[in-house]
>>> print(open('work-v1.txt').read())   # compact mmCIF, C-alpha atoms
# COMPACT_ATOMS: atom_id res chain seq x y z
CA MET A 378 -12.46 0.54 31.18
CA SER A 379 -10.75 -2.85 31.26
CA GLY A 380 -12.92 -5.44 29.47
CA LEU A 381 -13.52 -5.31 25.70
CA LEU A 382 -15.52 -7.53 23.34
CA TYR A 383 -14.93 -7.33 19.59
CA ILE A 384 -17.32 -8.90 17.08
CA SER A 385 -16.16 -9.66 13.55
CA GLU A 386 -16.83 -12.50 11.16
CA ALA A 387 -13.29 -12.29 9.76
CA PRO A 388 -11.03 -9.46 10.98
CA ASP A 389 -8.63 -8.04 8.44
CA LEU A 390 -4.94 -7.60 9.26
CA PRO A 391 -5.18 -4.09 10.81
CA GLU A 392 -8.17 -5.15 12.94
CA ALA A 393 -6.36 -8.27 14.20
CA ARG A 394 -3.26 -6.23 15.04
CA MET A 395 -5.42 -3.67 16.83
CA MET A 396 -7.09 -6.32 19.01
CA ALA A 397 -3.72 -7.83 19.91
CA ASP A 398 -2.37 -4.38 20.74
CA MET A 399 -5.30 -3.75 23.09
CA ALA A 400 -4.51 -7.03 24.85
CA GLY A 401 -0.88 -5.93 25.13
CA ARG A 402 -1.99 -2.68 26.73
CA GLY A 403 -3.60 -4.61 29.58
CA PHE A 404 -7.23 -4.80 28.44
CA ALA A 405 -9.08 -8.09 28.86
CA VAL A 406 -9.90 -8.64 25.20
CA HIS A 407 -12.46 -11.14 23.92
CA ALA A 408 -13.39 -11.61 20.26
CA ILE A 409 -16.30 -13.40 18.57
CA LEU A 410 -15.16 -14.66 15.16
CA HIS A 411 -16.45 -17.01 12.50
CA PRO A 412 -15.00 -20.54 12.86
CA GLN A 413 -13.16 -20.16 9.55
CA ALA A 414 -11.64 -16.76 10.34
CA SER A 415 -7.99 -17.17 9.37
CA ARG A 416 -6.49 -15.00 12.11
CA GLY A 417 -8.20 -16.61 15.11
CA ASP A 418 -5.23 -18.78 16.12
CA TRP A 419 -2.84 -15.85 15.79
CA LEU A 420 -5.07 -13.72 17.99
CA GLU A 421 -5.21 -16.41 20.67
CA ALA A 422 -1.42 -16.63 20.62
CA ASN A 423 -1.29 -12.87 21.17
CA GLY A 424 -3.48 -12.59 24.24
CA VAL A 425 -7.01 -12.39 22.78
CA HIS A 426 -9.69 -14.77 24.05
CA VAL A 427 -11.31 -16.02 20.84
CA HIS A 428 -14.85 -17.43 20.74
CA ARG A 429 -15.91 -19.13 17.50
CA HIS A 430 -19.43 -18.50 16.27
CA THR A 431 -21.28 -19.16 13.02
CA PHE A 432 -23.23 -16.05 12.05
CA PRO A 433 -26.63 -17.15 10.67
CA PRO A 434 -28.37 -15.01 8.04
CA VAL A 435 -31.51 -14.67 10.16
CA LEU A 436 -32.31 -14.59 13.89
CA ASP A 437 -29.11 -15.29 15.86
CA LEU A 438 -30.32 -16.55 19.22
CA SER A 439 -27.12 -18.47 19.99
CA GLY A 440 -25.08 -15.33 19.27
CA ARG A 441 -27.21 -13.31 21.66
CA ARG A 442 -26.70 -15.87 24.42
CA LEU A 443 -22.94 -15.90 23.76
CA VAL A 444 -22.58 -12.10 23.92
CA ARG A 445 -24.61 -11.83 27.11
CA ARG A 446 -22.75 -14.70 28.77
CA LEU A 447 -19.35 -13.18 27.97
CA VAL A 448 -20.40 -9.76 29.25
CA ARG A 449 -21.79 -11.26 32.45
CA GLU A 450 -19.00 -13.76 33.22
CA HIS A 451 -16.05 -11.51 32.37
CA GLY A 452 -17.42 -8.12 33.40
CA LEU A 453 -16.94 -6.69 29.92
CA GLU A 454 -17.77 -3.00 29.66
CA LEU A 455 -17.66 -2.27 25.94
CA VAL A 456 -18.71 -4.13 22.79
CA HIS A 457 -17.13 -3.02 19.51
CA SER A 458 -18.41 -4.36 16.17
CA LEU A 459 -15.91 -4.33 13.34
CA ARG A 460 -16.57 -4.74 9.61
CA GLY A 461 -19.69 -6.56 8.46
CA LYS A 462 -23.43 -6.23 8.85
CA ALA A 463 -23.71 -9.49 10.81
CA ALA A 464 -21.30 -8.26 13.47
CA PHE A 465 -23.13 -4.95 13.82
CA LYS A 466 -26.53 -6.63 13.96
CA LEU A 467 -25.40 -9.06 16.66
CA MET A 468 -23.98 -6.27 18.80
CA MET A 469 -27.12 -4.13 18.55
CA ASN A 470 -29.44 -7.05 19.29
CA ALA A 471 -27.39 -8.76 21.99
CA ALA A 472 -25.31 -6.26 23.96
CA PRO A 473 -27.09 -5.47 27.26
CA ALA A 474 -27.92 -1.90 28.22
CA THR A 475 -25.18 -1.95 30.87
CA VAL A 476 -22.33 -1.86 28.31
CA ARG A 477 -21.15 0.69 25.80
CA ARG A 478 -21.59 0.03 22.09
CA VAL A 479 -19.06 1.18 19.50
CA ALA A 480 -19.27 0.44 15.76
CA TRP A 481 -16.76 0.70 12.94
CA CYS A 482 -18.25 2.30 9.80
CA ASP A 483 -16.72 2.28 6.32
CA ASP A 484 -20.07 2.44 4.58
CA LEU A 485 -21.56 5.18 2.41
CA THR A 486 -24.84 3.36 1.79
CA PRO A 487 -27.88 5.57 2.54
CA LEU A 488 -29.61 4.79 5.83
CA PRO A 489 -33.12 3.31 5.70
CA ARG A 490 -36.00 5.73 6.15
CA ALA A 491 -37.37 3.96 9.23
CA GLY A 492 -35.45 6.17 11.62
CA GLY A 493 -32.25 4.15 11.46
CA ARG A 494 -32.82 2.74 14.93
CA ARG A 495 -30.88 -0.40 14.06
CA THR A 496 -28.25 1.42 12.03
CA TRP A 497 -25.61 4.07 12.67
CA ALA A 498 -28.32 6.55 13.72
CA SER A 499 -29.58 4.38 16.57
CA PRO A 500 -29.64 6.26 19.90
CA ARG A 501 -28.51 3.00 21.52
CA LEU A 502 -25.14 3.30 19.76
CA ASP A 503 -22.64 5.23 21.88
CA ARG A 504 -20.06 5.99 19.21
CA VAL A 505 -19.57 5.42 15.50
CA ILE A 506 -15.96 5.31 14.30
CA ALA A 507 -15.82 6.56 10.72
CA SER A 508 -12.98 5.13 8.64
CA CYS A 509 -12.24 8.55 7.14
CA HIS A 510 -13.55 12.11 7.13
CA ALA A 511 -15.72 11.46 4.06
CA VAL A 512 -17.61 8.78 6.00
CA ARG A 513 -17.87 11.10 9.01
CA ILE A 514 -19.46 13.82 6.85
CA PHE A 515 -21.81 11.30 5.21
CA LEU A 516 -22.98 9.99 8.58
CA GLY A 517 -23.66 13.51 9.84
CA GLU A 518 -25.64 14.36 6.72
CA SER A 519 -27.61 11.12 7.16
CA GLY A 520 -28.93 12.09 10.58
CA VAL A 521 -26.31 10.64 12.93
CA ASP A 522 -25.57 12.96 15.84
CA PRO A 523 -22.14 14.51 15.05
CA ALA A 524 -21.24 14.29 18.74
CA ARG A 525 -21.35 10.50 18.43
CA ILE A 526 -19.06 10.29 15.38
CA SER A 527 -15.26 9.98 15.55
CA ALA A 528 -13.05 9.75 12.47
CA ILE A 529 -10.07 7.44 13.02
CA TYR A 530 -8.03 6.02 10.17
CA LYS A 531 -7.39 2.30 10.54
CA GLY A 532 -3.77 1.96 11.64
CA VAL A 533 -1.27 0.02 9.52
CA ASP A 534 2.45 -0.69 9.45
CA PRO A 535 4.62 -1.49 6.38
CA SER A 536 6.41 -4.28 8.28
CA TRP A 537 3.23 -6.39 8.20
CA TYR A 538 3.46 -6.91 4.45
CA GLY A 539 5.75 -9.49 2.89
CA PRO A 540 7.54 -9.57 -0.49
CA PRO A 541 5.71 -9.22 -3.81
CA ALA A 542 4.06 -12.29 -5.30
CA ASP A 543 5.36 -14.14 -8.35
CA LEU A 544 2.99 -13.24 -11.19
CA ARG A 545 4.20 -15.95 -13.60
CA GLU A 546 1.13 -18.08 -12.82
CA PHE A 547 -1.01 -15.48 -14.65
CA ASN A 548 1.00 -15.85 -17.91
CA ILE A 549 1.55 -12.12 -18.24
CA PRO A 550 3.52 -11.36 -21.44
CA PRO A 551 7.11 -10.11 -21.05
CA LYS A 552 7.53 -6.31 -20.87
CA SER A 553 3.80 -5.92 -20.25
CA VAL A 554 2.82 -3.12 -17.85
CA THR A 555 0.73 -4.74 -15.13
CA VAL A 556 -2.22 -2.74 -13.79
CA GLY A 557 -3.68 -4.22 -10.60
CA TYR A 558 -7.06 -3.92 -8.92
CA ALA A 559 -8.20 -5.66 -5.73
CA GLY A 560 -11.68 -5.74 -4.24
CA PRO A 561 -15.15 -7.05 -5.05
CA LEU A 562 -15.79 -7.25 -8.80
CA LEU A 563 -18.81 -4.97 -8.96
CA PRO A 564 -19.82 -2.30 -11.50
CA HIS A 565 -19.91 0.47 -8.87
CA LYS A 566 -16.32 -0.43 -7.91
CA GLY A 567 -15.34 0.68 -11.41
CA VAL A 568 -14.29 -2.67 -12.86
CA THR A 569 -16.50 -1.97 -15.88
CA SER A 570 -14.60 1.28 -16.38
CA LEU A 571 -11.35 -0.69 -16.34
CA ALA A 572 -12.64 -3.00 -19.06
CA GLU A 573 -13.87 -0.07 -21.15
CA CYS A 574 -10.64 1.91 -20.85
CA LEU A 575 -8.78 -0.92 -22.61
CA ARG A 576 -10.22 0.47 -25.86
CA HIS A 577 -8.61 3.86 -25.15
CA LEU A 578 -5.08 2.53 -24.66
CA PRO A 579 -2.45 2.74 -27.42
CA PRO A 580 -1.02 -0.48 -28.92
CA GLU A 581 2.28 0.10 -27.12
CA PRO A 582 3.23 -0.55 -24.44
CA ARG A 583 1.31 -3.78 -23.83
CA PHE A 584 -0.91 -3.73 -20.76
CA SER A 585 -2.14 -6.56 -18.55
CA PHE A 586 -5.00 -5.73 -16.20
CA LEU A 587 -5.05 -8.09 -13.22
CA LEU A 588 -8.31 -8.04 -11.23
CA VAL A 589 -8.21 -9.76 -7.82
CA GLY A 590 -11.39 -10.29 -5.82
CA PRO A 591 -14.66 -12.18 -5.60
CA ILE A 592 -17.03 -12.01 -8.57
CA VAL A 593 -20.04 -10.49 -6.83
CA ASP A 594 -21.82 -9.49 -10.04
CA GLU A 595 -21.88 -12.27 -12.65
CA ARG A 596 -22.27 -9.71 -15.44
CA VAL A 597 -18.67 -8.51 -14.93
CA PRO A 598 -16.90 -11.41 -16.75
CA ASP A 599 -19.28 -11.06 -19.72
CA PHE A 600 -18.71 -7.32 -19.83
CA ALA A 601 -14.94 -7.85 -19.72
CA ALA A 602 -15.14 -10.40 -22.54
CA ARG A 603 -17.00 -7.92 -24.76
CA ASN A 604 -14.22 -5.34 -24.30
CA ARG A 605 -11.22 -7.50 -25.24
CA THR A 606 -8.40 -5.81 -27.13
CA GLN A 607 -4.74 -6.61 -27.79
CA HIS A 608 -4.22 -5.93 -24.09
CA ASN A 609 -4.88 -8.58 -21.45
CA LEU A 610 -7.61 -8.53 -18.82
CA ILE A 611 -7.17 -11.29 -16.25
CA ILE A 612 -9.76 -12.08 -13.57
CA ALA A 613 -7.85 -13.87 -10.82
CA GLY A 614 -10.78 -14.28 -8.42
CA PRO A 615 -10.48 -14.04 -4.62
CA ARG A 616 -6.97 -14.54 -3.26
CA ALA A 617 -5.60 -14.63 0.28
CA ASP A 618 -2.35 -13.14 -1.06
CA ASP A 619 -4.01 -10.14 -2.70
CA ALA A 620 -1.64 -7.67 -0.96
CA ALA A 621 1.40 -9.53 -2.33
CA ILE A 622 -0.14 -9.56 -5.83
CA ILE A 623 -0.78 -5.82 -5.61
CA ALA A 624 2.85 -5.27 -4.59
CA ALA A 625 4.02 -7.06 -7.74
CA CYS A 626 1.99 -4.86 -10.11
CA ASP A 627 3.43 -1.77 -11.79
CA ILE A 628 0.34 0.40 -11.14
CA PHE A 629 -2.66 0.08 -8.82
CA VAL A 630 -6.10 1.46 -9.68
CA MET A 631 -9.23 2.02 -7.57
CA PRO A 632 -11.74 3.47 -10.10
CA SER A 633 -14.84 3.44 -7.88
CA HIS A 634 -18.02 5.19 -9.04
CA ARG A 635 -19.61 5.66 -5.59
CA GLN A 636 -19.90 4.43 -1.97
CA GLU A 637 -16.22 4.31 -1.08
CA GLY A 638 -14.64 4.84 2.31
CA MET A 639 -11.04 3.81 2.90
CA PRO A 640 -10.54 0.49 1.04
CA ARG A 641 -8.01 -1.94 2.50
CA PRO A 642 -6.47 -2.80 -0.93
CA LEU A 643 -5.71 0.87 -1.58
CA VAL A 644 -3.94 1.20 1.77
CA ALA A 645 -1.95 -1.99 1.06
CA ALA A 646 -0.98 -0.72 -2.40
CA THR A 647 0.34 2.58 -1.08
CA LEU A 648 2.30 0.83 1.68
CA THR A 649 4.12 -1.25 -0.93
CA GLY A 650 5.09 1.84 -2.89
CA ARG A 651 2.78 1.28 -5.85
CA PRO A 652 1.80 4.38 -7.87
CA VAL A 653 -1.97 4.64 -7.55
CA ILE A 654 -4.85 6.01 -9.59
CA VAL A 655 -8.18 6.66 -7.86
CA THR A 656 -11.40 8.51 -8.52
CA SER A 657 -12.69 11.54 -6.64
CA VAL A 658 -15.09 9.41 -4.61
CA GLY A 659 -15.58 9.24 -0.84
CA GLY A 660 -12.37 8.89 1.14
CA LEU A 661 -10.09 8.05 -1.80
CA PRO A 662 -8.75 11.62 -2.26
CA GLU A 663 -7.93 11.74 1.46
CA LEU A 664 -5.24 9.12 0.89
CA VAL A 665 -4.15 10.09 -2.62
CA GLU A 666 -3.14 13.68 -3.33
CA HIS A 667 -3.52 14.50 -7.02
CA GLN A 668 -0.19 14.98 -8.83
CA ASN A 669 1.77 14.36 -5.66
CA SER A 670 1.06 10.84 -4.42
CA GLY A 671 -1.02 9.63 -7.37
CA TRP A 672 -3.64 10.59 -9.92
CA VAL A 673 -7.24 11.45 -9.01
CA VAL A 674 -9.62 11.21 -11.98
CA ARG A 675 -13.35 11.71 -12.49
CA PRO A 676 -15.48 8.65 -11.68
CA GLY A 677 -16.72 6.92 -14.81
CA SER A 678 -14.34 8.78 -17.13
CA THR A 679 -12.65 5.93 -18.99
CA ARG A 680 -10.57 8.29 -21.13
CA SER A 681 -9.17 10.09 -18.08
CA LEU A 682 -8.41 6.73 -16.46
CA ALA A 683 -6.65 5.48 -19.60
CA LYS A 684 -4.63 8.71 -19.88
CA ALA A 685 -3.41 8.41 -16.27
CA ILE A 686 -2.45 4.76 -16.81
CA VAL A 687 -0.48 5.61 -19.97
CA GLU A 688 1.36 8.47 -18.22
CA PHE A 689 2.52 6.13 -15.48
CA ALA A 690 3.38 3.37 -17.97
CA ARG A 691 5.65 5.63 -20.03
CA ASP A 692 7.53 7.22 -17.12
CA THR A 693 9.22 4.87 -14.65
CA HIS A 694 10.66 7.82 -12.72
CA LEU A 695 7.16 9.23 -12.23
CA ARG A 696 5.96 5.87 -10.97
CA LYS A 697 8.76 5.71 -8.40
CA THR A 698 8.24 9.31 -7.29
CA PHE A 699 4.48 9.01 -6.88
CA GLY A 700 4.81 5.58 -5.29
CA ALA A 701 7.15 7.01 -2.67
CA GLY A 702 4.79 9.93 -2.14
CA ALA A 703 1.84 7.58 -1.63
CA MET A 704 3.79 5.51 0.89
CA ALA A 705 4.80 8.60 2.85
CA ARG A 706 1.22 9.89 2.90
CA VAL A 707 -0.33 6.67 4.18
CA ARG A 708 2.39 6.30 6.82
CA GLU A 709 1.56 9.78 8.05
CA LYS A 710 -2.22 9.39 8.07
CA CYS A 711 -2.53 5.74 9.14
CA ARG A 712 0.28 5.33 11.66
CA PHE A 713 -0.65 2.29 13.73
CA SER A 714 0.54 3.61 17.10
CA GLU A 715 -1.38 6.86 16.62
CA SER A 716 -4.59 5.12 15.55
CA THR A 717 -4.60 2.75 18.52
CA ALA A 718 -3.84 5.62 20.90
CA LYS A 719 -6.86 7.51 19.55
CA LEU A 720 -8.99 4.41 19.98
CA VAL A 721 -7.89 3.97 23.60
CA ALA A 722 -8.64 7.62 24.28
CA LEU A 723 -12.11 7.16 22.80
CA TYR A 724 -12.77 4.11 24.99
CA GLU A 725 -11.73 6.05 28.07
CA THR A 726 -14.23 8.83 27.34
CA LEU A 727 -17.11 6.35 27.49
CA GLU A 728 -18.05 6.00 31.13
CA VAL A 729 -19.30 2.69 32.44
CA ARG A 730 -23.09 2.58 32.59
CA PRO A 731 -24.74 2.31 36.03
CA GLY A 732 -25.53 -1.31 36.81
CA SER A 733 -22.58 -2.81 34.90
CA ALA A 734 -20.36 -5.35 36.54
CA ASN A 735 -17.61 -2.83 37.28
CA ALA A 736 -19.70 0.29 37.97
>>> encode(input="work-v1.txt", output="structure tokens")
Amino acid sequence: MSGLLYISEAPDLPEARMMADMAGRGFAVHAILHPQASRGDWLEANGVHVHRHTFPPVLDLSGRRLVRRLVREHGLELVHSLRGKAAFKLMMNAAPATVRRVAWCDDLTPLPRAGGRRTWASPRLDRVIASCHAVRIFLGESGVDPARISAIYKGVDPSWYGPPADLREFNIPPKSVTVGYAGPLLPHKGVTSLAECLRHLPPEPRFSFLLVGPIVDERVPDFAARNRTQHNLIIAGPRADDAAIIAACDIFVMPSHRQEGMPRPLVAATLTGRPVIVTSVGGLPELVEHQNSGWVVRPGSTRSLAKAIVEFARDTHLRKTFGAGAMARVREKCRFSESTAKLVALYETLEVRPGSANA
């Protein structure tokens, strides 16, 4: 298999590195990205043929024509949709029957009852790549043929991440212990638990909770305002430098209540050596081993979350030890070279369909 087409509105850093690595391995790599995708120029400079496309919310006829033209003109044999419903929808609607279809899945949302023919359970989908084993199990229990599911951790490398950000712009008080969170500000992501656990923290030391991410649920700021204490809760909003902000925090938390695969901010936090606290949801415990590389607490338990935060805050040696353990664990599980090798091996198992350009 020599010709690959990736579809993604905005690839994250590991996805961009993966596409460039495939180009370096000799594949003819094409990518359909949103015009404002920040890594498009970098991908073009690293051997990927980038095609800009605006993903409409409804029928995407221009996207269908683009996919079919690229497959036909360049003899592409496999189409791989990365994160995002729009990318998956375009692949399923546009990729001709002569190519293989592969989809990335980091989603624990229940499949619709209508047979899932346009979801992960579709018989027209050749392989689903689960972001972790929890997602693989969920897909199997949801009716996806286990033979069509592969679990591959998204590969990362510590060298991709720069120095910590300067947090002075957030006016964090001196000697305050900074607790960071990154991701969409949604109740099921546990941001409401973070606000509630402020009431369970002792007066000393002072804590500053720094929440980075888009405000998806407008009730979150109001909820945070109702739970103000002597400790700070700062909503920074979406930031392109979220990984650098995470690296500057003393502790990182991912207190999700449900529907969690392998979140990018958690991986970034562990790679920067931050001590992490997560809940026992989805793929989070796969990356964080309780009492070895972090704390794993019950989802929704604000007292347990507050207790774990206080233990880290009062013991700098524990923070360093667990931070080092988290970094070692993610390096072992998400080694970039190993992940891309597994992906290449998966591609090679998918034979070209009869009637394709290179059959």
>>> residues_near_point(input="work-v1.txt", point="(-21.0, -7.4, 21.8)", cutoff="9 Å", atoms="all atoms listed in the file", output="PDB file with C-alpha atoms, in the frame of the given file")
ATOM      1  CA  LEU A 381     -13.520  -5.310  25.700  1.00  0.00           C
ATOM      2  CA  LEU A 382     -15.520  -7.530  23.340  1.00  0.00           C
ATOM      3  CA  TYR A 383     -14.930  -7.330  19.590  1.00  0.00           C
ATOM      4  CA  ILE A 384     -17.320  -8.900  17.080  1.00  0.00           C
ATOM      5  CA  ALA A 408     -13.390 -11.610  20.260  1.00  0.00           C
ATOM      6  CA  ILE A 409     -16.300 -13.400  18.570  1.00  0.00           C
ATOM      7  CA  ARG A 441     -27.210 -13.310  21.660  1.00  0.00           C
ATOM      8  CA  LEU A 443     -22.940 -15.900  23.760  1.00  0.00           C
ATOM      9  CA  VAL A 444     -22.580 -12.100  23.920  1.00  0.00           C
ATOM     10  CA  ARG A 445     -24.610 -11.830  27.110  1.00  0.00           C
ATOM     11  CA  LEU A 447     -19.350 -13.180  27.970  1.00  0.00           C
ATOM     12  CA  VAL A 448     -20.400  -9.760  29.250  1.00  0.00           C
ATOM     13  CA  LEU A 455     -17.660  -2.270  25.940  1.00  0.00           C
ATOM     14  CA  VAL A 456     -18.710  -4.130  22.790  1.00  0.00           C
ATOM     15  CA  HIS A 457     -17.130  -3.020  19.510  1.00  0.00           C
ATOM     16  CA  SER A 458     -18.410  -4.360  16.170  1.00  0.00           C
ATOM     17  CA  ALA A 464     -21.300  -8.260  13.470  1.00  0.00           C
ATOM     18  CA  PHE A 465     -23.130  -4.950  13.820  1.00  0.00           C
ATOM     19  CA  LEU A 467     -25.400  -9.060  16.660  1.00  0.00           C
ATOM     20  CA  MET A 468     -23.980  -6.270  18.800  1.00  0.00           C
ATOM     21  CA  MET A 469     -27.120  -4.130  18.550  1.00  0.00           C
ATOM     22  CA  ASN A 470     -29.440  -7.050  19.290  1.00  0.00           C
ATOM     23  CA  ALA A 471     -27.390  -8.760  21.990  1.00  0.00           C
ATOM     24  CA  ALA A 472     -25.310  -6.260  23.960  1.00  0.00           C
ATOM     25  CA  PRO A 473     -27.090  -5.470  27.260  1.00  0.00           C
ATOM     26  CA  VAL A 476     -22.330  -1.860  28.310  1.00  0.00           C
ATOM     27  CA  ARG A 478     -21.590   0.030  22.090  1.00  0.00           C
TER      28      ARG A 478
END
>>> closest_residue(input="work-v1.txt", among="A:Gly440, A:Pro642, A:Pro541, A:Gly461", to="A:Pro391", atoms="all atoms listed in the file")
A:Pro642
>>> residues_around(input="work-v1.txt", residues="stretch 576-588 of chain A", least_positions_apart="2", cutoff="7 Å", atoms="only C-alpha atoms", output="VMD selection string")
chain A and resid 549 553 to 559 573 to 574 590 606 608 to 613 680 683
>>> residues_near_point(input="work-v1.txt", point="(-19.0, 0.9, -10.9)", cutoff="10 Å", atoms="all atoms listed in the file", output="JSON, numbers by chain")
{"A": [562, 563, 564, 565, 566, 567, 568, 569, 570, 571, 632, 633, 634, 635, 636, 676, 677]}
>>> closest_atom_pairs(input="work-v1.txt", of="stretch 683-713 of chain A", to="stretch 664-668 of chain A", cutoff="7 Å", atoms="all atoms listed in the file", output="tab-separated table")
residue	atom	partner	partner_atom	distance
A:Ala703	CA	A:Val665	CA	6.6
A:Arg706	CA	A:Leu664	CA	6.8
A:Val707	CA	A:Leu664	CA	6.4
>>> residues_around(input="work-v1.txt", residues="A:Leu516", least_positions_apart="2", cutoff="9 Å", atoms="all atoms listed in the file", output="list in words")
Leu485, Pro487, Leu488, Trp497, Ala498, Val505, Ala507, Ala511, Val512, Arg513, Ile514, Glu518, Ser519, Gly520, Val521, Asp522, Pro523 and Ile526 of chain A
>>> closest_residue(input="work-v1.txt", among="A:Arg429, A:Lys462, A:Arg605, A:Arg545", to="A:Thr486", atoms="only C-alpha atoms")
A:Lys462
>>> atom_distance(input="work-v1.txt", atom1="atom CA of A:Ile628", atom2="atom CA of A:Ala690")
8.0 Å
>>> atom_distance(input="work-v1.txt", atom1="atom CA of A:Ile654", atom2="atom CA of A:Ala685")
7.2 Å
>>> residues_around(input="work-v1.txt", residues="A:Leu723", least_positions_apart="3", cutoff="12 Å", atoms="all atoms listed in the file", output="PDB file with C-alpha atoms, keeping the file's coordinate frame")
ATOM      1  CA  MET A 378     -12.460   0.540  31.180  1.00  0.00           C
ATOM      2  CA  LEU A 455     -17.660  -2.270  25.940  1.00  0.00           C
ATOM      3  CA  HIS A 457     -17.130  -3.020  19.510  1.00  0.00           C
ATOM      4  CA  ARG A 477     -21.150   0.690  25.800  1.00  0.00           C
ATOM      5  CA  ARG A 478     -21.590   0.030  22.090  1.00  0.00           C
ATOM      6  CA  VAL A 479     -19.060   1.180  19.500  1.00  0.00           C
ATOM      7  CA  ASP A 503     -22.640   5.230  21.880  1.00  0.00           C
ATOM      8  CA  ARG A 504     -20.060   5.990  19.210  1.00  0.00           C
ATOM      9  CA  VAL A 505     -19.570   5.420  15.500  1.00  0.00           C
ATOM     10  CA  ILE A 506     -15.960   5.310  14.300  1.00  0.00           C
ATOM     11  CA  ARG A 525     -21.350  10.500  18.430  1.00  0.00           C
ATOM     12  CA  ILE A 526     -19.060  10.290  15.380  1.00  0.00           C
ATOM     13  CA  SER A 527     -15.260   9.980  15.550  1.00  0.00           C
ATOM     14  CA  ALA A 528     -13.050   9.750  12.470  1.00  0.00           C
ATOM     15  CA  ILE A 529     -10.070   7.440  13.020  1.00  0.00           C
ATOM     16  CA  SER A 716      -4.590   5.120  15.550  1.00  0.00           C
ATOM     17  CA  THR A 717      -4.600   2.750  18.520  1.00  0.00           C
ATOM     18  CA  ALA A 718      -3.840   5.620  20.900  1.00  0.00           C
ATOM     19  CA  LYS A 719      -6.860   7.510  19.550  1.00  0.00           C
ATOM     20  CA  LEU A 720      -8.990   4.410  19.980  1.00  0.00           C
ATOM     21  CA  THR A 726     -14.230   8.830  27.340  1.00  0.00           C
ATOM     22  CA  LEU A 727     -17.110   6.350  27.490  1.00  0.00           C
ATOM     23  CA  GLU A 728     -18.050   6.000  31.130  1.00  0.00           C
TER      24      GLU A 728
END
>>> closest_residue(input="work-v1.txt", among="A:Ala414, A:Met639, A:Leu544, A:Val673", to="A:Val655", atoms="all atoms listed in the file")
A:Val673
>>> residues_around(input="work-v1.txt", residues="A:Pro535", least_positions_apart="6", cutoff="10 Å", atoms="only C-alpha atoms", output="list in words")
Ala645, Thr647, Leu648, Thr649, Gly650, Met704, Val707, Arg708, Arg712 and Phe713 of chain A
>>> atom_distance(input="work-v1.txt", atom1="atom CA of A:Ala463", atom2="atom CA of A:Asp389")
15.3 Å
>>> residues_around(input="work-v1.txt", residues="A:Pro540", least_positions_apart="4", cutoff="10 Å", atoms="all atoms listed in the file", output="VMD selection string")
chain A and resid 620 to 622 624 to 625 649
>>> closest_residue(input="work-v1.txt", among="A:Lys697, A:Arg616, A:Arg394, A:Lys531", to="A:Gly560", atoms="all atoms listed in the file")
A:Arg616
>>> closest_residue(input="work-v1.txt", among="A:Ala602, A:Ile686, A:Ala722, A:Val427", to="A:Phe629", atoms="all atoms listed in the file")
A:Ile686
>>> build_atoms(input="work-v1.txt", residues="stretch 432-440 of chain A", atoms="N, CA, C and O atoms", output="PDB file, keeping the file's coordinate frame")
ATOM      1  N   PHE A 432     -22.244 -17.128  12.142  1.00  0.00           N
ATOM      2  CA  PHE A 432     -23.230 -16.050  12.050  1.00  0.00           C
ATOM      3  C   PHE A 432     -24.334 -16.446  11.083  1.00  0.00           C
ATOM      4  O   PHE A 432     -24.120 -16.460   9.872  1.00  0.00           O
ATOM      5  N   PRO A 433     -25.539 -16.761  11.572  1.00  0.00           N
ATOM      6  CA  PRO A 433     -26.630 -17.150  10.670  1.00  0.00           C
ATOM      7  C   PRO A 433     -27.187 -15.926   9.950  1.00  0.00           C
ATOM      8  O   PRO A 433     -27.073 -14.793  10.434  1.00  0.00           O
ATOM      9  N   PRO A 434     -27.824 -16.146   8.788  1.00  0.00           N
ATOM     10  CA  PRO A 434     -28.370 -15.010   8.040  1.00  0.00           C
ATOM     11  C   PRO A 434     -29.639 -14.425   8.653  1.00  0.00           C
ATOM     12  O   PRO A 434     -30.039 -13.317   8.293  1.00  0.00           O
ATOM     13  N   VAL A 435     -30.267 -15.165   9.549  1.00  0.00           N
ATOM     14  CA  VAL A 435     -31.510 -14.670  10.160  1.00  0.00           C
ATOM     15  C   VAL A 435     -31.316 -14.538  11.666  1.00  0.00           C
ATOM     16  O   VAL A 435     -30.236 -14.192  12.120  1.00  0.00           O
ATOM     17  N   LEU A 436     -32.340 -14.794  12.447  1.00  0.00           N
ATOM     18  CA  LEU A 436     -32.310 -14.590  13.890  1.00  0.00           C
ATOM     19  C   LEU A 436     -31.171 -15.380  14.538  1.00  0.00           C
ATOM     20  O   LEU A 436     -31.089 -16.598  14.390  1.00  0.00           O
ATOM     21  N   ASP A 437     -30.311 -14.672  15.263  1.00  0.00           N
ATOM     22  CA  ASP A 437     -29.110 -15.290  15.860  1.00  0.00           C
ATOM     23  C   ASP A 437     -29.282 -15.407  17.369  1.00  0.00           C
ATOM     24  O   ASP A 437     -28.688 -14.651  18.147  1.00  0.00           O
ATOM     25  N   LEU A 438     -30.066 -16.377  17.786  1.00  0.00           N
ATOM     26  CA  LEU A 438     -30.320 -16.550  19.220  1.00  0.00           C
ATOM     27  C   LEU A 438     -29.078 -17.050  19.952  1.00  0.00           C
ATOM     28  O   LEU A 438     -28.797 -16.613  21.069  1.00  0.00           O
ATOM     29  N   SER A 439     -28.322 -17.956  19.332  1.00  0.00           N
ATOM     30  CA  SER A 439     -27.120 -18.470  19.990  1.00  0.00           C
ATOM     31  C   SER A 439     -26.078 -17.364  20.147  1.00  0.00           C
ATOM     32  O   SER A 439     -25.356 -17.310  21.146  1.00  0.00           O
ATOM     33  N   GLY A 440     -26.001 -16.461  19.162  1.00  0.00           N
ATOM     34  CA  GLY A 440     -25.080 -15.330  19.270  1.00  0.00           C
ATOM     35  C   GLY A 440     -25.466 -14.398  20.393  1.00  0.00           C
ATOM     36  O   GLY A 440     -24.596 -13.888  21.114  1.00  0.00           O
TER      37      GLY A 440
END
